[in-house]
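Undergrad: This one is target38.tsv, TSV, C-alpha atoms.
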chain	number	residue	atom	x	y	z
H	863	MET	CA	-24.56	-109.51	-13.87
H	864	TYR	CA	-27.13	-108.85	-11.21
H	865	LYS	CA	-30.01	-110.78	-9.77
H	866	ILE	CA	-33.41	-109.97	-8.40
H	867	ALA	CA	-34.59	-110.90	-4.93
H	868	VAL	CA	-38.01	-111.03	-3.35
H	869	ILE	CA	-38.23	-110.90	0.41
H	870	GLY	CA	-41.25	-111.21	2.70
H	871	ASP	CA	-43.51	-113.78	4.25
H	872	ARG	CA	-43.54	-117.06	2.38
H	873	ASP	CA	-47.16	-117.02	1.29
H	874	SER	CA	-46.75	-113.67	-0.41
H	875	ILE	CA	-43.65	-114.44	-2.38
H	876	TYR	CA	-43.33	-118.10	-3.25
H	877	GLY	CA	-44.95	-117.61	-6.64
H	878	PHE	CA	-42.14	-115.34	-7.83
H	879	ALA	CA	-39.78	-118.30	-7.86
H	880	THR	CA	-41.35	-119.55	-11.06
H	881	LEU	CA	-40.48	-116.31	-12.79
H	882	GLY	CA	-36.84	-116.83	-12.02
H	883	LEU	CA	-36.58	-114.39	-9.14
H	884	ASP	CA	-34.85	-115.53	-5.97
H	885	THR	CA	-37.24	-115.69	-3.08
H	886	PHE	CA	-36.18	-115.32	0.54
H	887	PRO	CA	-39.00	-116.08	2.93
H	888	VAL	CA	-38.48	-114.57	6.38
H	889	LEU	CA	-40.49	-115.09	9.54
H	890	ASN	CA	-40.03	-111.88	11.49
H	891	ALA	CA	-38.75	-108.34	11.24
H	892	GLU	CA	-35.27	-108.96	12.68
H	893	GLU	CA	-34.64	-111.77	10.29
H	894	GLY	CA	-35.97	-109.61	7.48
H	895	ALA	CA	-33.65	-106.72	8.31
H	896	ARG	CA	-30.67	-109.02	8.50
H	897	LYS	CA	-31.56	-110.69	5.23
H	898	LEU	CA	-32.07	-107.34	3.55
H	899	ASP	CA	-28.63	-106.14	4.62
H	900	GLU	CA	-27.13	-109.37	3.40
H	901	LEU	CA	-28.87	-109.14	0.02
H	902	ALA	CA	-28.06	-105.49	-0.46
H	903	HIS	CA	-24.37	-106.23	-0.06
H	904	SER	CA	-24.38	-109.06	-2.56
H	905	GLU	CA	-25.27	-109.13	-6.22
H	906	TYR	CA	-28.91	-108.15	-6.02
H	907	ALA	CA	-29.78	-104.98	-7.90
H	908	ILE	CA	-33.51	-105.10	-7.31
H	909	ILE	CA	-35.03	-106.26	-4.05
H	910	TYR	CA	-38.79	-106.49	-3.91
H	911	ILE	CA	-40.08	-106.42	-0.38
H	912	THR	CA	-43.60	-106.92	0.88
H	913	GLU	CA	-45.17	-103.72	2.14
H	914	GLN	CA	-45.87	-105.35	5.47
H	915	LEU	CA	-42.26	-106.25	6.09
H	916	GLN	CA	-41.08	-102.90	4.78
H	917	GLY	CA	-43.32	-101.12	7.26
H	918	ARG	CA	-41.56	-102.89	10.11
H	919	ILE	CA	-37.96	-102.48	8.97
H	920	SER	CA	-38.20	-99.08	7.34
H	921	SER	CA	-35.02	-97.86	9.01
H	922	THR	CA	-33.04	-100.60	7.28
H	923	VAL	CA	-34.72	-99.84	3.96
H	924	GLU	CA	-33.99	-96.16	4.41
H	925	LYS	CA	-30.25	-96.84	4.52
H	926	TYR	CA	-30.17	-97.82	0.87
H	927	ARG	CA	-32.31	-94.98	-0.37
H	928	ASP	CA	-29.54	-92.74	-1.61
H	929	GLN	CA	-27.49	-95.51	-3.14
H	930	GLN	CA	-27.84	-96.19	-6.80
H	931	LEU	CA	-28.12	-99.91	-6.18
H	932	PRO	CA	-29.98	-101.83	-4.90
H	933	ALA	CA	-33.45	-100.57	-5.67
H	934	ILE	CA	-35.72	-101.66	-2.85
H	935	ILE	CA	-39.28	-101.71	-4.10
H	936	PRO	CA	-42.31	-102.42	-1.92
H	937	ILE	CA	-44.97	-104.71	-3.35
H	938	PRO	CA	-48.30	-105.75	-1.83
H	939	GLY	CA	-48.35	-109.06	0.00
H	940	VAL	CA	-50.98	-111.73	0.14
H	941	ASN	CA	-52.82	-109.96	2.94
H	942	GLY	CA	-53.67	-107.05	0.73
H	943	ASN	CA	-52.37	-103.65	-0.03
H	944	THR	CA	-51.38	-101.46	2.89
H	945	GLY	CA	-50.86	-98.42	0.69
H	946	ASN	CA	-47.31	-98.02	1.95
H	947	GLY	CA	-45.83	-98.16	-1.52
H	948	MET	CA	-48.02	-95.39	-2.84
H	949	ALA	CA	-47.45	-93.36	0.31
H	950	ALA	CA	-43.71	-93.61	-0.30
H	951	VAL	CA	-44.11	-92.17	-3.80
H	952	LYS	CA	-46.25	-89.42	-2.36
H	953	ARG	CA	-43.53	-88.63	0.16
H	954	LEU	CA	-41.01	-88.41	-2.66
H	955	VAL	CA	-43.08	-85.70	-4.31
H	956	GLU	CA	-43.32	-83.85	-1.04
H	957	GLN	CA	-39.59	-84.10	-0.53
H	958	ALA	CA	-38.79	-82.80	-3.98
H	959	VAL	CA	-41.46	-80.20	-4.54
H	960	GLY	CA	-42.20	-79.14	-1.00
H	961	SER	CA	-45.86	-80.01	-1.23
H	962	ASP	CA	-47.83	-82.74	-2.83
H	963	ILE	CA	-49.02	-81.61	-6.24
H	964	ILE	CA	-49.71	-84.96	-7.86
H	965	PHE	CA	-51.68	-87.08	-5.44
H	966	ASN	CA	-53.90	-84.50	-3.87
H	967	ASN	CA	-56.76	-84.98	-6.27
N	1082	MET	CA	-31.10	-61.62	7.91
N	1083	ALA	CA	-27.63	-62.86	8.40
N	1084	THR	CA	-25.77	-61.53	11.36
N	1085	LYS	CA	-23.26	-58.94	10.31
N	1086	LYS	CA	-19.81	-60.35	10.07
N	1087	GLN	CA	-17.05	-57.82	10.42
N	1088	VAL	CA	-14.96	-57.38	7.29
N	1089	ASN	CA	-11.85	-55.29	6.90
N	1090	PRO	CA	-12.64	-52.14	4.93
N	1091	THR	CA	-9.73	-52.46	2.53
N	1092	ARG	CA	-9.52	-52.45	-1.24
N	1093	MET	CA	-8.27	-56.02	-1.24
N	1094	GLU	CA	-11.26	-57.18	0.73
N	1095	LEU	CA	-13.54	-55.23	-1.62
N	1096	THR	CA	-12.13	-57.04	-4.64
N	1097	LYS	CA	-12.50	-60.33	-2.83
N	1098	GLN	CA	-16.13	-59.66	-1.95
N	1099	LYS	CA	-16.91	-58.56	-5.50
N	1100	LYS	CA	-15.46	-61.78	-6.85
N	1101	LYS	CA	-17.42	-63.75	-4.31
N	1102	LEU	CA	-20.62	-62.01	-5.32
N	1103	ALA	CA	-20.01	-62.69	-9.01
N	1104	THR	CA	-19.40	-66.37	-8.33
N	1105	ALA	CA	-22.44	-66.60	-6.10
N	1106	VAL	CA	-24.69	-65.00	-8.69
N	1107	ARG	CA	-23.41	-67.26	-11.41
N	1108	GLY	CA	-23.71	-70.36	-9.23
N	1109	HIS	CA	-27.18	-69.34	-8.23
N	1110	LYS	CA	-28.30	-69.08	-11.82
N	1111	LEU	CA	-26.79	-72.42	-12.77
N	1112	LEU	CA	-28.22	-74.23	-9.77
N	1113	LYS	CA	-31.60	-72.71	-10.37
N	1114	ASP	CA	-31.58	-73.98	-13.94
N	1115	LYS	CA	-30.50	-77.38	-12.69
N	1116	ARG	CA	-33.27	-77.45	-10.15
N	1117	ASP	CA	-35.91	-76.46	-12.67
N	1118	GLU	CA	-34.85	-79.06	-15.18
N	1119	LEU	CA	-34.57	-81.77	-12.53
N	1120	MET	CA	-38.01	-80.86	-11.30
N	1121	ARG	CA	-39.50	-81.10	-14.77
N	1122	GLN	CA	-38.02	-84.53	-15.34
N	1123	PHE	CA	-38.89	-85.66	-11.85
N	1124	LEU	CA	-42.54	-84.76	-12.25
N	1125	GLU	CA	-42.71	-86.65	-15.52
N	1126	LEU	CA	-41.05	-89.65	-13.93
N	1127	VAL	CA	-43.15	-89.60	-10.81
N	1128	ARG	CA	-46.33	-89.64	-12.85
N	1129	GLU	CA	-45.03	-92.68	-14.66
N	1130	ASN	CA	-44.06	-94.16	-11.32
N	1131	ARG	CA	-47.56	-93.71	-10.02
N	1132	ALA	CA	-49.18	-95.30	-13.06
N	1133	LEU	CA	-46.76	-98.23	-12.98
N	1134	ARG	CA	-47.26	-98.76	-9.29
N	1135	GLU	CA	-51.00	-98.83	-9.70
N	1136	ARG	CA	-50.66	-101.42	-12.45
N	1137	VAL	CA	-48.17	-103.55	-10.55
N	1138	GLU	CA	-50.12	-103.46	-7.32
N	1139	ALA	CA	-53.31	-104.43	-9.08
N	1140	GLY	CA	-51.50	-107.19	-10.97
N	1141	ILE	CA	-49.88	-108.64	-7.88
N	1142	LEU	CA	-53.12	-108.53	-5.95
N	1143	ARG	CA	-54.82	-110.42	-8.73
N	1144	ALA	CA	-52.02	-112.94	-8.88
N	1145	ASN	CA	-52.12	-113.40	-5.13
N	1146	LYS	CA	-55.82	-114.12	-5.29
N	1147	ASP	CA	-55.16	-116.68	-7.97
N	1148	PHE	CA	-52.47	-118.26	-5.84
N	1149	VAL	CA	-54.72	-118.49	-2.84
N	1150	LEU	CA	-57.33	-120.14	-5.00
N	1151	ALA	CA	-54.79	-122.53	-6.47
N	1152	ARG	CA	-53.49	-123.53	-3.08
N	1153	ALA	CA	-56.95	-124.17	-1.83
N	1154	GLY	CA	-57.19	-127.01	-4.30
N	1155	MET	CA	-53.79	-128.51	-3.63
N	1156	ASP	CA	-51.89	-129.54	-0.57
N	1157	ASP	CA	-48.83	-127.67	0.57
N	1158	GLU	CA	-46.39	-130.37	-0.41
N	1159	ALA	CA	-47.58	-130.45	-3.97
N	1160	VAL	CA	-47.19	-126.69	-4.25
N	1161	ASN	CA	-43.73	-126.82	-2.74
N	1162	ALA	CA	-42.73	-129.59	-5.09
N	1163	ALA	CA	-44.05	-127.67	-8.06
N	1164	PHE	CA	-41.92	-124.65	-7.22
N	1165	MET	CA	-38.90	-126.57	-6.05
N	1166	ALA	CA	-36.83	-126.18	-9.17
N	1167	PRO	CA	-37.60	-123.04	-11.08
N	1168	LYS	CA	-37.00	-123.38	-14.76
N	1169	GLN	CA	-36.79	-119.77	-15.56
N	1170	ASN	CA	-34.07	-117.44	-14.43
N	1171	VAL	CA	-33.88	-113.71	-14.85
N	1172	GLN	CA	-30.52	-112.14	-15.39
N	1173	LEU	CA	-30.28	-108.48	-14.86
N	1174	GLU	CA	-27.89	-105.97	-16.25
N	1175	ALA	CA	-27.67	-102.60	-14.61
N	1176	ASP	CA	-26.37	-99.57	-16.42
N	1177	SER	CA	-26.57	-96.05	-15.29
N	1178	ARG	CA	-27.86	-92.99	-17.01
N	1179	ASN	CA	-26.95	-89.48	-16.12
N	1180	VAL	CA	-29.86	-87.13	-15.65
N	1181	MET	CA	-28.64	-83.66	-14.69
N	1182	SER	CA	-25.69	-85.11	-12.78
N	1183	VAL	CA	-27.84	-87.68	-11.01
N	1184	ASP	CA	-26.84	-91.23	-11.85
N	1185	VAL	CA	-30.02	-93.21	-12.21
N	1186	PRO	CA	-30.02	-96.95	-12.91
N	1187	VAL	CA	-31.21	-98.53	-16.12
N	1188	PHE	CA	-32.11	-102.19	-15.97
N	1189	ARG	CA	-32.06	-104.65	-18.82
N	1190	PHE	CA	-33.00	-108.22	-18.19
N	1191	ARG	CA	-32.62	-111.49	-19.96
N	1192	THR	CA	-34.45	-114.68	-19.27
N	1193	ARG	CA	-32.57	-117.93	-19.30
N	1194	THR	CA	-34.85	-119.81	-21.63
N	1195	ALA	CA	-35.53	-118.22	-24.93
N	1196	ASP	CA	-39.28	-118.28	-24.51
N	1197	GLU	CA	-40.37	-115.83	-21.87
N	1198	ASN	CA	-43.53	-117.79	-21.33
N	1199	ASP	CA	-41.65	-120.94	-20.49
N	1200	ILE	CA	-42.28	-120.50	-16.81
N	1201	TYR	CA	-44.07	-123.59	-15.62
N	1202	SER	CA	-41.56	-125.41	-13.49
N	1203	TYR	CA	-43.70	-128.45	-13.03
N	1204	GLY	CA	-45.42	-131.18	-14.95
N	1205	TYR	CA	-49.08	-130.58	-15.21
N	1206	ALA	CA	-50.07	-133.95	-13.76
N	1207	PHE	CA	-50.15	-133.14	-10.07
N	1208	THR	CA	-51.08	-129.51	-10.07
N	1209	SER	CA	-54.39	-127.81	-10.48
N	1210	SER	CA	-55.04	-125.63	-13.48
N	1211	ASP	CA	-55.60	-122.72	-11.14
N	1212	LEU	CA	-51.90	-122.75	-10.42
N	1213	ASP	CA	-51.13	-122.31	-14.10
N	1214	GLY	CA	-53.40	-119.32	-14.19
N	1215	ALA	CA	-51.81	-117.86	-11.09
N	1216	VAL	CA	-48.31	-118.23	-12.50
N	1217	THR	CA	-49.38	-116.67	-15.78
N	1218	SER	CA	-50.96	-113.69	-14.12
N	1219	LEU	CA	-47.85	-113.15	-12.03
N	1220	SER	CA	-45.58	-113.38	-15.04
N	1221	SER	CA	-47.63	-110.77	-16.83
N	1222	VAL	CA	-46.70	-108.16	-14.22
N	1223	LEU	CA	-43.00	-108.96	-14.24
N	1224	GLN	CA	-42.22	-106.56	-17.04
N	1225	ASP	CA	-43.99	-103.75	-15.24
N	1226	MET	CA	-42.33	-104.68	-11.98
N	1227	LEU	CA	-38.88	-104.33	-13.49
N	1228	LYS	CA	-39.80	-101.00	-15.03
N	1229	LEU	CA	-41.21	-99.91	-11.71
N	1230	ALA	CA	-37.97	-100.74	-9.96
N	1231	GLU	CA	-36.05	-98.58	-12.41
N	1232	VAL	CA	-38.45	-95.67	-12.30
N	1233	GLU	CA	-38.99	-95.69	-8.57
N	1234	LYS	CA	-35.30	-95.81	-7.81
N	1235	SER	CA	-34.71	-92.95	-10.23
N	1236	CYS	CA	-37.42	-90.96	-8.49
N	1237	GLN	CA	-35.86	-91.58	-5.09
N	1238	LEU	CA	-32.44	-90.47	-6.26
N	1239	MET	CA	-33.78	-87.43	-8.05
N	1240	ALA	CA	-35.96	-86.38	-5.15
N	1241	SER	CA	-33.00	-86.19	-2.80
N	1242	GLU	CA	-30.93	-84.39	-5.42
N	1243	ILE	CA	-33.69	-81.84	-5.95
N	1244	GLU	CA	-33.91	-81.30	-2.23
N	1245	LYS	CA	-30.18	-80.71	-2.00
N	1246	THR	CA	-30.17	-78.39	-5.00
N	1247	ARG	CA	-33.10	-76.44	-3.63
N	1248	ARG	CA	-31.29	-75.93	-0.34
N	1249	ARG	CA	-28.22	-74.68	-2.16
N	1250	VAL	CA	-30.25	-72.29	-4.31
N	1251	ASN	CA	-31.96	-70.90	-1.24
N	1252	ALA	CA	-28.72	-70.56	0.67
N	1253	LEU	CA	-27.17	-68.63	-2.20
N	1254	GLU	CA	-30.21	-66.50	-2.81
N	1255	HIS	CA	-31.01	-65.58	0.76
N	1256	VAL	CA	-27.67	-65.71	2.55
N	1257	MET	CA	-24.58	-65.63	0.38
N	1258	ILE	CA	-25.64	-63.01	-2.17
N	1259	PRO	CA	-27.17	-60.48	0.26
N	1260	GLU	CA	-24.20	-60.89	2.59
N	1261	ALA	CA	-21.72	-60.15	-0.17
N	1262	GLN	CA	-23.77	-57.18	-1.34
N	1263	GLU	CA	-23.95	-55.80	2.18
N	1264	ASN	CA	-20.22	-56.21	2.66
N	1265	ILE	CA	-19.45	-54.45	-0.60
N	1266	LYS	CA	-21.67	-51.55	0.35
N	1267	TYR	CA	-20.09	-51.34	3.79
N	1268	ILE	CA	-16.55	-51.38	2.46
N	1269	GLN	CA	-17.30	-48.82	-0.20
N	1270	MET	CA	-18.82	-46.48	2.34
N	1271	LYS	CA	-15.85	-46.88	4.65
N	1272	LEU	CA	-13.41	-46.26	1.83
N	1273	ASP	CA	-15.26	-43.14	0.71
N	1274	GLU	CA	-15.26	-41.85	4.23
N	1275	ASN	CA	-11.55	-42.46	4.59
N	1276	GLU	CA	-10.96	-40.60	1.38
N	1277	ARG	CA	-12.97	-37.62	2.52
N	1278	SER	CA	-11.17	-37.44	5.81
N	1279	THR	CA	-7.81	-37.64	4.05
N	1280	GLN	CA	-8.87	-34.77	1.81
N	1281	ILE	CA	-9.91	-32.65	4.74
N	1282	ARG	CA	-6.70	-33.44	6.55
N	1283	LEU	CA	-4.67	-32.39	3.53
N	1284	MET	CA	-6.59	-29.14	3.23
N	1285	LYS	CA	-5.99	-28.43	6.89
N	1286	VAL	CA	-2.28	-29.23	6.59
N	1287	LYS	CA	-2.03	-26.98	3.55
N	1288	ASP	CA	-3.65	-24.14	5.48
N	1289	MET	CA	-1.25	-24.62	8.32
N	1290	MET	CA	1.78	-24.64	6.04
N	1291	LEU	CA	0.65	-21.51	4.24
N	1292	GLU	CA	0.16	-19.84	7.58
N	1293	GLU	CA	3.66	-20.75	8.63
N	1294	THR	CA	5.31	-19.28	5.55
N	1295	HIS	CA	3.22	-16.15	5.00
N	1296	HIS	CA	2.05	-15.33	8.55
N	1297	TYR	CA	-1.35	-14.13	7.33
N	1298	LYS	CA	-2.72	-13.82	10.84
N	1299	GLU	CA	0.07	-11.57	12.08
N	1300	LYS	CA	-0.25	-9.33	9.02
N	1301	MET	CA	-3.96	-9.06	9.55
N	1302	GLY	CA	-3.26	-8.19	13.16
N	1303	TYR	CA	-1.02	-5.21	12.20
N	1304	GLU	CA	-3.49	-3.63	9.83
What's the structure tokens form of this structure?
TA:
Amino acid sequence: MYKIAVIGDRDSIYGFATLGLDTFPVLNAEEGARKLDELAHSEYAIIYITEQLQGRISSTVEKYRDQQLPAIIPIPGVNGNTGNGMAAVKRLVEQAVGSDIIFNN
Amino acid sequence: MATKKQVNPTRMELTKQKKKLATAVRGHKLLKDKRDELMRQFLELVRENRALRERVEAGILRANKDFVLARAGMDDEAVNAAFMAPKQNVQLEADSRNVMSVDVPVFRFRTRTADENDIYSYGYAFTSSDLDGAVTSLSSVLQDMLKLAEVEKSCQLMASEIEKTRRRVNALEHVMIPEAQENIKYIQMKLDENERSTQIRLMKVKDMMLEETHHYKEKMGYE
């Protein structure tokens, strides 16, 4: 049985607690990276991370990319959408196809 | 083109190279099929990924706005108290599905309380109604968020598999197969040449032996 975690600045994530997701507010990037490592090695299969935090600890996020679990999914935070999440999908297309054939319109 | 590696021009090596070529050609075809099929599925999935992400991002943005609004009308402590003990709990089961030898995750989730909408972890007395709205709007994106997690992870895994497969296809197509073909040609030419020179040598030896027994030259010299 797995659980779902949400990680990011407190204001962006506290609402998810009511849905039954575990929220882990962090204050800075180092703490976020450490927390992410810790979560990834425990029973969390999905880790939602605010785009802002993800942008700052992308090397840590990158480590888990080729593993089947956990799935680390960026979501927009309270300060708005940085577009990082969409850009990541765009990069996936570029990686697979060689050029971007879906987002260029 | 690949730098020429020296091979021994022997029949054994020729057989070896021919086998290698056959394997390479077969592997190339299989990998190419795999790549094409992966690509087809990936493109389908990535379109879904994009649509889901758009929906989720819009939903979360809306929910965040609602939360900001709700907090404006309440003090921090009240909000904290309201979320202190979440009522709902999501339990996740993760299976995996095999798509062209890529194991992608499949998530199924169960909520602790039977009613999925039973999400308000607070009495309504001390909270503003905005908070209810905010929680509702957030819960409405949960389903999509879970689906997004599944789809996006699948896309990530498939993208790296496609990249790997593409590299292999290219390596076979542009390095392994031409190299084997070149080697086969080289060995065959060498073998043919050896055969010709053996033939010539034999003819020469035969001439010499005939000369020794019949002494044609001396006879011709007398007449």
Undergrad: Which residues, protein or nucleic acid, reach to within 9 Å of (-32.9, -107.9, -2.2) in the file's coordinates when using only C-alpha atoms, and can you give that as a list in words?
TA: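 Output of the proximity query reads Lys865, Ile866, Ala867, Val868, Ile869, Asp884, Thr885, Phe886, Lys897, Leu898, Asp899, Glu900, Leu901, Ala902, His903, Ser904, Glu905, Tyr906, Ala907, Ile908, Ile909, Tyr910, Ile911, Pro932, Ala933 and Ile934 of chain H.
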Undergrad: Residues within 9 Å of Lys1099 (chain N), please, as a VMD selection string. Count all atoms listed in the file; anything in the same chain fewer than 5 positions from it doesn't count.
TA: chain N and resid 1094 1104 1261 to 1262 1265
Undergrad: Selected residues, C-alpha atoms, written as a CSV table (one decimal), in the coordinates of the input, please.
TA:
chain,number,residue,atom,x,y,z
N,1094,GLU,CA,-11.3,-57.2,0.7
N,1104,THR,CA,-19.4,-66.4,-8.3
N,1261,ALA,CA,-21.7,-60.2,-0.2
N,1262,GLN,CA,-23.8,-57.2,-1.3
N,1265,ILE,CA,-19.4,-54.4,-0.6
Undergrad: Which residues of chain H are close to chain N, meaning at most 9 Å apart when you count only C-alpha atoms, and how do they look as a PyMOL selection string?
TA: chain H and resi 863-866+873-884+906-910+927-935+937-943+947-948+951-952+954-960+964
Undergrad: Quick one: pull the distance between CA of Thr1091 (chain N) and CA of Val1286 (chain N), Å, one decimal.
TA: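 Computing the Euclidean distance for CA of Thr1091 (chain N) and CA of Val1286 (chain N) yields 24.7 Å.
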Undergrad: One decimal, in Å: what's the spacing between CA of Glu1274 (chain N) and CA of Pro1090 (chain N)?
TA: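 Separating CA of Glu1274 (chain N) from CA of Pro1090 (chain N) is a distance of 10.6 Å.
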Undergrad: Distance CA of Gly1214 (chain N)-CA of Asp1147 (chain N), one decimal place?
TA: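 Spanning CA of Gly1214 (chain N) to CA of Asp1147 (chain N) is a straight-line distance of 7.0 Å.
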